[in-house]
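For reference, model.tsv (TSV, C-alpha atoms and all ligand atoms):
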```tsv
chain	number	residue	atom	x	y	z
O	29	MET	CA	0.00	0.00	0.00
O	30	SER	CA	1.23	3.44	-0.85
O	31	GLY	CA	0.70	6.07	1.85
O	32	ILE	CA	0.51	5.74	5.61
O	33	ARG	CA	-1.06	3.02	7.72
O	34	PHE	CA	-1.60	2.59	11.46
O	35	HIS	CA	-2.26	-0.97	12.58
O	36	ASP	CA	-3.42	-1.63	16.13
O	37	VAL	CA	-1.39	1.32	17.43
O	38	GLY	CA	-1.21	2.23	21.09
O	39	CYS	CA	0.33	5.39	22.56
O	40	ILE	CA	1.56	6.13	26.08
O	41	ARG	CA	2.84	9.56	27.13
O	42	GLY	CA	3.95	10.60	30.57
O	43	GLY	CA	2.94	7.17	31.85
O	44	ARG	CA	-0.65	7.53	30.64
O	45	LEU	CA	-2.24	5.35	28.04
O	46	LEU	CA	-3.73	7.81	25.55
O	47	PHE	CA	-5.19	5.38	23.04
O	48	GLU	CA	-4.84	1.83	21.88
O	49	GLY	CA	-5.98	-0.36	19.01
O	50	LEU	CA	-5.95	2.47	16.48
O	51	SER	CA	-6.03	1.29	12.88
O	52	PHE	CA	-6.54	3.32	9.74
O	53	ALA	CA	-4.95	3.83	6.36
O	54	LEU	CA	-4.60	6.82	4.07
O	55	THR	CA	-3.74	6.26	0.43
O	56	PRO	CA	-2.91	8.87	-2.24
O	57	GLY	CA	-5.58	11.55	-2.46
O	58	GLU	CA	-7.08	10.72	0.93
O	59	ALA	CA	-7.33	12.81	4.09
O	60	GLY	CA	-7.88	12.09	7.77
O	61	LEU	CA	-9.30	14.51	10.36
O	62	VAL	CA	-8.33	13.89	14.00
O	63	THR	CA	-10.71	15.39	16.55
O	64	GLY	CA	-11.22	15.12	20.30
O	65	PRO	CA	-10.93	17.13	23.52
O	66	ASN	CA	-7.77	18.80	24.84
O	67	GLY	CA	-5.13	16.37	25.96
O	68	VAL	CA	-6.72	13.30	24.39
O	69	GLY	CA	-3.70	12.64	22.18
O	70	LYS	CA	-4.26	14.32	18.81
O	71	SER	CA	-0.79	15.91	18.62
O	72	SER	CA	0.71	12.67	19.87
O	73	LEU	CA	-1.00	10.81	17.03
O	74	LEU	CA	0.54	13.21	14.51
O	75	ARG	CA	3.96	12.84	16.10
O	76	LEU	CA	3.62	9.08	15.84
O	77	ALA	CA	2.75	9.53	12.16
O	78	ALA	CA	5.84	11.72	11.74
O	79	GLY	CA	8.09	9.13	13.35
O	80	LEU	CA	8.95	11.50	16.22
O	81	LEU	CA	7.34	9.17	18.78
O	82	GLU	CA	7.54	5.41	19.05
O	83	PRO	CA	4.22	3.60	19.40
O	84	ARG	CA	3.70	1.60	22.57
O	85	ALA	CA	2.15	-1.14	20.46
O	86	GLY	CA	1.27	-1.82	16.87
O	87	VAL	CA	2.81	-0.88	13.56
O	88	ILE	CA	3.01	2.39	11.65
O	89	ALA	CA	3.96	2.02	8.00
O	90	ARG	CA	4.86	4.91	5.71
O	91	THR	CA	5.86	4.58	2.10
O	92	ASP	CA	6.43	8.29	1.52
O	93	ARG	CA	8.10	11.29	3.14
O	94	VAL	CA	6.15	13.35	5.65
O	95	ALA	CA	6.13	17.06	6.51
O	96	LEU	CA	4.83	18.19	9.90
O	97	ALA	CA	3.34	21.61	10.65
O	98	ASP	CA	2.76	22.11	14.37
O	99	GLU	CA	3.29	24.95	16.84
O	100	ASN	CA	7.01	24.98	16.05
O	101	ALA	CA	7.49	27.01	12.89
O	102	ALA	CA	10.88	25.34	12.27
O	103	LEU	CA	11.98	28.46	10.41
O	104	ASP	CA	15.17	30.45	11.08
O	105	ARG	CA	13.92	33.52	12.97
O	106	GLU	CA	16.83	35.70	11.83
O	107	ALA	CA	16.53	34.81	8.16
O	108	THR	CA	14.11	36.42	5.76
O	109	LEU	CA	10.96	34.42	5.20
O	110	GLY	CA	12.07	33.62	1.64
O	111	ALA	CA	15.47	32.37	2.80
O	112	ALA	CA	14.02	30.41	5.71
O	113	LEU	CA	11.61	28.61	3.39
O	114	GLY	CA	14.43	28.16	0.89
O	115	PHE	CA	16.40	26.18	3.47
O	116	TRP	CA	13.68	23.50	3.48
O	117	ALA	CA	12.77	23.71	-0.18
O	118	GLY	CA	16.46	23.41	-1.05
O	119	PHE	CA	16.94	19.91	0.20
O	120	GLU	CA	13.41	18.73	-0.41
O	121	GLY	CA	13.44	19.75	-4.05
O	122	GLY	CA	10.58	22.10	-3.35
O	123	ASP	CA	9.39	25.47	-4.56
O	124	VAL	CA	9.45	28.51	-2.24
O	125	ALA	CA	7.22	30.58	-4.52
O	126	ARG	CA	4.56	27.88	-4.45
O	127	GLY	CA	4.39	28.04	-0.65
O	128	LEU	CA	4.48	31.84	-0.50
O	129	ASP	CA	1.78	32.23	-3.14
O	130	ALA	CA	-0.47	29.56	-1.67
O	131	MET	CA	-0.56	31.27	1.73
O	132	GLY	CA	-0.57	34.85	0.40
O	133	LEU	CA	2.89	35.65	1.76
O	134	ALA	CA	4.80	36.71	-1.35
O	135	HIS	CA	4.88	40.35	-0.21
O	136	LEU	CA	6.57	39.31	3.05
O	137	ALA	CA	9.38	37.24	1.50
O	138	ALA	CA	12.04	39.82	2.44
O	139	ILE	CA	10.86	40.24	6.06
O	140	PRO	CA	12.78	38.44	8.83
O	141	VAL	CA	10.76	35.59	10.30
O	142	ARG	CA	11.03	37.10	13.79
O	143	MET	CA	9.03	40.12	12.63
O	144	LEU	CA	6.02	38.14	11.43
O	145	SER	CA	2.77	38.39	13.36
O	146	THR	CA	1.30	35.30	15.00
O	147	GLY	CA	-1.03	34.60	12.11
O	148	GLN	CA	1.66	35.34	9.54
O	149	ARG	CA	4.00	32.92	11.31
O	150	LYS	CA	1.31	30.25	11.21
O	151	ARG	CA	0.85	30.87	7.49
O	152	ALA	CA	4.63	30.66	7.05
O	153	THR	CA	4.68	27.29	8.81
O	154	LEU	CA	2.04	26.02	6.40
O	155	ALA	CA	3.92	27.59	3.47
O	156	ARG	CA	6.96	25.54	4.53
O	157	VAL	CA	4.95	22.34	4.12
O	158	ILE	CA	3.38	23.48	0.85
O	159	ALA	CA	6.77	24.55	-0.52
O	160	GLY	CA	8.27	21.15	0.21
O	161	ASN	CA	7.71	18.01	-1.78
O	162	ALA	CA	6.60	15.63	0.95
O	163	PRO	CA	3.62	13.55	-0.23
O	164	ILE	CA	2.22	13.23	3.30
O	165	TRP	CA	1.23	16.42	5.15
O	166	LEU	CA	0.73	16.23	8.91
O	167	LEU	CA	-1.07	19.37	10.10
O	168	ASP	CA	-1.56	20.01	13.83
O	169	GLU	CA	-4.27	22.63	14.39
O	170	PRO	CA	-3.49	24.27	11.04
O	171	GLY	CA	-6.36	26.75	11.35
O	172	ASN	CA	-5.18	28.24	14.68
O	173	GLY	CA	-4.60	31.94	14.31
O	174	LEU	CA	-5.65	32.07	10.67
O	175	ASP	CA	-8.11	34.65	9.39
O	176	ALA	CA	-10.94	33.59	7.06
O	177	ASP	CA	-8.97	34.29	3.89
O	178	SER	CA	-5.96	32.30	5.11
O	179	LEU	CA	-8.17	29.39	6.15
O	180	ALA	CA	-9.71	29.35	2.67
O	181	ARG	CA	-6.21	29.40	1.17
O	182	LEU	CA	-5.21	26.46	3.33
O	183	GLU	CA	-8.29	24.48	2.27
O	184	THR	CA	-7.49	25.21	-1.38
O	185	ALA	CA	-3.90	24.07	-0.90
O	186	ILE	CA	-5.05	20.86	0.80
O	187	ALA	CA	-7.47	20.11	-2.03
O	188	ALA	CA	-4.76	20.73	-4.63
O	189	HIS	CA	-2.30	18.52	-2.76
O	190	ARG	CA	-4.83	15.68	-2.62
O	191	ALA	CA	-5.77	16.15	-6.27
O	192	GLY	CA	-2.10	15.61	-7.09
O	193	GLY	CA	-2.01	12.34	-5.13
O	194	GLY	CA	-0.93	13.83	-1.80
O	195	ILE	CA	-2.17	12.74	1.61
O	196	VAL	CA	-3.24	14.96	4.52
O	197	LEU	CA	-3.66	14.00	8.16
O	198	ALA	CA	-4.86	16.97	10.22
O	199	ALA	CA	-5.87	17.52	13.84
O	200	SER	CA	-8.27	20.38	14.29
O	201	HIS	CA	-10.68	21.81	16.82
O	202	GLN	CA	-12.21	24.09	14.24
O	203	PRO	CA	-14.01	23.07	11.06
O	204	LEU	CA	-11.56	22.34	8.27
O	205	GLY	CA	-12.84	21.78	4.75
O	206	MET	CA	-11.46	18.42	3.64
O	207	ALA	CA	-14.07	16.68	1.48
O	208	GLY	CA	-14.46	12.98	2.19
O	209	ALA	CA	-11.92	12.96	5.00
O	210	ILE	CA	-11.77	9.90	7.26
O	211	LEU	CA	-12.88	10.98	10.74
O	212	LEU	CA	-10.67	9.89	13.64
O	213	ASP	CA	-12.57	11.09	16.69
O	214	ILE	CA	-10.64	10.29	19.85
O	215	LYS	CA	-12.75	10.01	22.98
O	216	PRO	CA	-11.34	9.77	26.50
O	217	PHE	CA	-12.59	6.76	28.40
O	218	VAL	CA	-11.93	5.98	32.07
O	219	PRO	CA	-12.27	2.22	32.69
O	220	SER	CA	-12.68	2.59	36.46
O	221	ALA	CA	-15.80	4.75	36.01
O	222	VAL	CA	-17.45	2.12	33.83
O	223	GLU	CA	-16.46	-0.75	36.08
O	224	GLY	CA	-17.70	0.97	39.21
O	225	ARG	CA	-14.24	1.36	40.65
O	226	GLY	CA	-12.66	4.66	41.41
O	227	GLY	CA	-9.62	6.24	42.87
O	228	GLU	CA	-7.00	3.85	41.58
O	229	ASP	CA	-3.98	5.33	39.90
O	230	LYS	CA	-4.81	3.61	36.64
O	231	PRO	CA	-3.94	4.61	33.11
O	232	VAL	CA	-6.72	6.36	31.25
O	233	SER	CA	-7.42	4.60	28.01
O	234	THR	CA	-9.29	5.92	25.06
O	235	THR	CA	-11.91	4.78	22.63
O	236	LEU	CA	-11.85	5.94	19.05
O	237	ASP	CA	-14.75	6.49	16.72
O	238	THR	CA	-13.91	6.44	13.07
O	239	ASN	CA	-16.03	6.09	10.02
O	240	GLY	CA	-15.09	2.54	9.21
O	241	TYR	CA	-11.31	2.57	9.27
O	242	PHE	CA	-10.83	1.62	12.90
O	243	ASP	CA	-11.07	-2.08	13.55
O	244	ALA	CA	-10.39	-2.48	17.25
R	301	LIG	N1	6.50	15.44	26.15
R	301	LIG	C1	5.53	14.90	26.88
R	301	LIG	N2	5.82	14.13	27.94
R	301	LIG	C2	4.84	13.57	28.67
R	301	LIG	N3	3.53	13.74	28.43
R	301	LIG	C3	3.20	14.51	27.39
R	301	LIG	C4	4.17	15.13	26.56
R	301	LIG	N4	3.53	15.83	25.61
R	301	LIG	C5	2.22	15.67	25.84
R	301	LIG	N5	2.02	14.87	26.91
R	301	LIG	C6	0.75	14.46	27.46
R	301	LIG	O1	0.09	13.65	26.51
R	301	LIG	C7	-1.30	13.90	26.55
R	301	LIG	C8	-1.78	14.18	25.15
R	301	LIG	O2	-1.18	15.36	24.69
R	301	LIG	P1	-1.44	15.85	23.20
R	301	LIG	O3	-0.68	17.11	23.02
R	301	LIG	O4	-1.21	14.74	22.26
R	301	LIG	O5	-3.03	16.15	23.25
R	301	LIG	P2	-3.97	16.91	22.23
R	301	LIG	O6	-5.18	16.06	22.04
R	301	LIG	O7	-3.22	17.29	21.02
R	301	LIG	O8	-4.37	18.20	23.07
R	301	LIG	P3	-4.78	19.70	22.65
R	301	LIG	O9	-6.18	19.61	22.09
R	301	LIG	O10	-4.75	20.45	23.95
R	301	LIG	O11	-3.78	20.19	21.65
R	301	LIG	C9	-1.53	15.04	27.51
R	301	LIG	O12	-2.01	14.50	28.73
R	301	LIG	C10	-0.17	15.64	27.69
R	301	LIG	O13	-0.01	16.13	29.00
```
Would you encode the structure as structure tokens?
Ligand SMILES: Nc1ncnc2c1ncn2[C@@H]1O[C@H](COP(=O)(O)OP(=O)(O)OP(=O)(O)O)[C@@H](O)[C@H]1O
Amino acid sequence: MSGIRFHDVGCIRGGRLLFEGLSFALTPGEAGLVTGPNGVGKSSLLRLAAGLLEPRAGVIARTDRVALADENAALDREATLGAALGFWAGFEGGDVARGLDAMGLAHLAAIPVRMLSTGQRKRATLARVIAGNAPIWLLDEPGNGLDADSLARLETAIAAHRAGGGIVLAASHQPLGMAGAILLDIKPFVPSAVEGRGGEDKPVSTTLDTNGYFDA
């Protein structure tokens, strides 16, 4: 299978079981939307997908390169925006202008990254992913801090990426237009509450609702 696949994946962070038995697959052109309350493990899921965390159990298979956009811009603050994006595009065989244009940042290319506003920095982070050539985009709360125009630009870029055979896995609290996306809704679940026991220092596990791609 081309793309990314989670099979029976479990994740523990800080000694807490966040989720287990998570299975889904995204093939070229597909998208997944991760939802759930604060702290349930959405960012952790994306970091697993990026290979930055090891799963507690299960298998994560990727056949393509990934690019992660999270709260870390991963852009040189002292460089101009154009140069900072060029660093990534340079070794990924990407296209800085594509990223700048997609997120409406061309007029800021000569501005140092440290001078960008919060929303502009978020757009720059997304431009880094768009400018690169990674087939799999991992977007953690990509709409945070974006105005309506920037959100529309992001949705257009996602659609174009998918139309070209790209894959998008995004975690978002706010609505994000991704037609036909697989829903990965992570729900916290406390076993002791269900079993009538309480007070034990037990790991909190999680149930996951998906639209057919979760088989645990
Ligand atoms: N580096 C870490 N070490 C230990 N525990 C961590 C670490 N990072 C996150 N956690 C814990 O893992 C749990 C899940 O965090 P995560 O950031 O994945 O949640 P989230 O669903 O993305 O939350 P939010 O909606 O607030 O962004 C939280 O309880 C958090 O405290």
_Could you list, as an MDAnalysis selection string, every residue within 8 Å of range 86-91 of chain O, counting all atoms listed in the file and ignoring same-chain residues fewer than 2 positions away?_
chainID O and resid 29:38 49 76:77 83:84 93
_What does the structure give for the distance between CA of Leu154 in chain O and CA of Ala97 in chain O, in Å to one decimal?_
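Between CA of Leu154 in chain O and CA of Ala97 in chain O the gap works out to 6.3 Å.
Using all atoms listed in the file for every distance, the candidate list O:Thr146, O:Ser51, O:Leu46, O:Arg156 yields O:Leu46 as the residue closest to Pro65 in chain O.
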*Mind giving me the straight-line distance from CA of Pro203 in chain O to atom N4 of ligand LIG 301 (chain R) in Å, one decimal?*
23.9 Å
_List the spatial neighbours of Asp98 in chain O as number ranges by chain - criterion: any atom at most 10 Å away, all atoms listed in the file, same-chain residues fewer than 6 positions off excluded._
O: 71, 74-75, 150, 153-154, 166-170, 199
Find the spatial neighbours of Gly110 in chain O, counting all atoms listed in the file, within a cut-off of 7 Å - ignore same-chain residues fewer than 2 positions away - and output them as a JSON list (two decimals) with C-alpha atoms, in the frame of the given file.
```
[["chain", "number", "residue", "atom", "x", "y", "z"],
["O", 108, "THR", "CA", 14.11, 36.42, 5.76],
["O", 112, "ALA", "CA", 14.02, 30.41, 5.71],
["O", 113, "LEU", "CA", 11.61, 28.61, 3.39],
["O", 114, "GLY", "CA", 14.43, 28.16, 0.89],
["O", 124, "VAL", "CA", 9.45, 28.51, -2.24],
["O", 137, "ALA", "CA", 9.38, 37.24, 1.50],
["O", 138, "ALA", "CA", 12.04, 39.82, 2.44]]
```
If you take only C-alpha atoms and all ligand atoms and a cut-off of 6 Å, which residues of chain O touch ligand LIG 301 (chain R), and what are their nearest atom pairs and distances in Å to one decimal, in chain and number order, as JSON lines?
```
{"residue": "O:Arg41", "atom": "CA", "partner": "R:LIG301", "partner_atom": "N3", "distance": 4.4}
{"residue": "O:Gly42", "atom": "CA", "partner": "R:LIG301", "partner_atom": "C2", "distance": 3.6}
{"residue": "O:Pro65", "atom": "CA", "partner": "R:LIG301", "partner_atom": "O9", "distance": 5.5}
{"residue": "O:Asn66", "atom": "CA", "partner": "R:LIG301", "partner_atom": "O9", "distance": 3.3}
{"residue": "O:Gly67", "atom": "CA", "partner": "R:LIG301", "partner_atom": "O5", "distance": 3.4}
{"residue": "O:Val68", "atom": "CA", "partner": "R:LIG301", "partner_atom": "O6", "distance": 3.9}
{"residue": "O:Gly69", "atom": "CA", "partner": "R:LIG301", "partner_atom": "O4", "distance": 3.3}
{"residue": "O:Lys70", "atom": "CA", "partner": "R:LIG301", "partner_atom": "O6", "distance": 3.8}
{"residue": "O:Ser71", "atom": "CA", "partner": "R:LIG301", "partner_atom": "O7", "distance": 3.7}
{"residue": "O:Ser72", "atom": "CA", "partner": "R:LIG301", "partner_atom": "O4", "distance": 3.7}
```
Which residues are close to Asp177 in chain O, i.e. within 10 Å by only C-alpha atoms, leaving aside same-chain residues fewer than 4 positions away? Reply as a PDB file with C-alpha atoms, keeping the file's coordinate frame.
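The result, stored in part_4.pdb:
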```
ATOM      1  CA  MET O 131      -0.560  31.270   1.730  1.00  0.00           C
ATOM      2  CA  GLY O 132      -0.570  34.850   0.400  1.00  0.00           C
ATOM      3  CA  ARG O 181      -6.210  29.400   1.170  1.00  0.00           C
ATOM      4  CA  LEU O 182      -5.210  26.460   3.330  1.00  0.00           C
ATOM      5  CA  GLU O 183      -8.290  24.480   2.270  1.00  0.00           C
TER       6      GLU O 183
END
```
*Within 10 Å of Ala117 in chain O, counting all atoms listed in the file, which residues qualify if same-chain residues fewer than 2 places away don't, as number ranges by chain?*
O: 111-115, 119-125, 127, 156-161
*asked:* Just to confirm, what's the straight-line distance from CA of Asp213 in chain O to CA of Ala85 in chain O in Å (one decimal)?
replied: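 We find that CA of Asp213 in chain O and CA of Ala85 in chain O lie 19.5 Å from each other.
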_Nearest to Gly192 in chain O by atom-to-atom distance, counting only C-alpha atoms, from O:Leu204, O:Ala162, O:Ala209, O:Leu133_ =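 The answer is O:Ala162, which sits nearest to Gly192 in chain O.
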Taking all listed atoms of range 150-159 of chain O, build the axis-aligned box, pad each of the six sides by 3 Å, then write its centre and edge lengths in Å to one decimal as lines of an AutoDock Vina configuration file.
```
center_x = 3.9
center_y = 26.6
center_z = 5.3
size_x = 12.1
size_y = 14.5
size_z = 17.7
```
_I'd like to know which of O:Phe47, O:Gly194, O:Cys39, O:Leu61 is closest to Leu211 in chain O, using all atoms listed in the file._
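The shortest atom-to-atom distance to Leu211 in chain O comes from O:Leu61.
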*Using only C-alpha atoms, which residue out of O:Ser178, O:Gln202, O:Asn172, O:Thr184 lies closest to Glu99 in chain O?*
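Of all the options, O:Asn172 lies closest to Glu99 in chain O.
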*Between O:Gly79, O:Pro216, O:His189, O:Trp116, which is the closest to Arg44 in chain O once you count only C-alpha atoms?*
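Of O:Gly79, O:Pro216, O:His189, O:Trp116, the one nearest Arg44 in chain O is O:Pro216, counting only C-alpha atoms.
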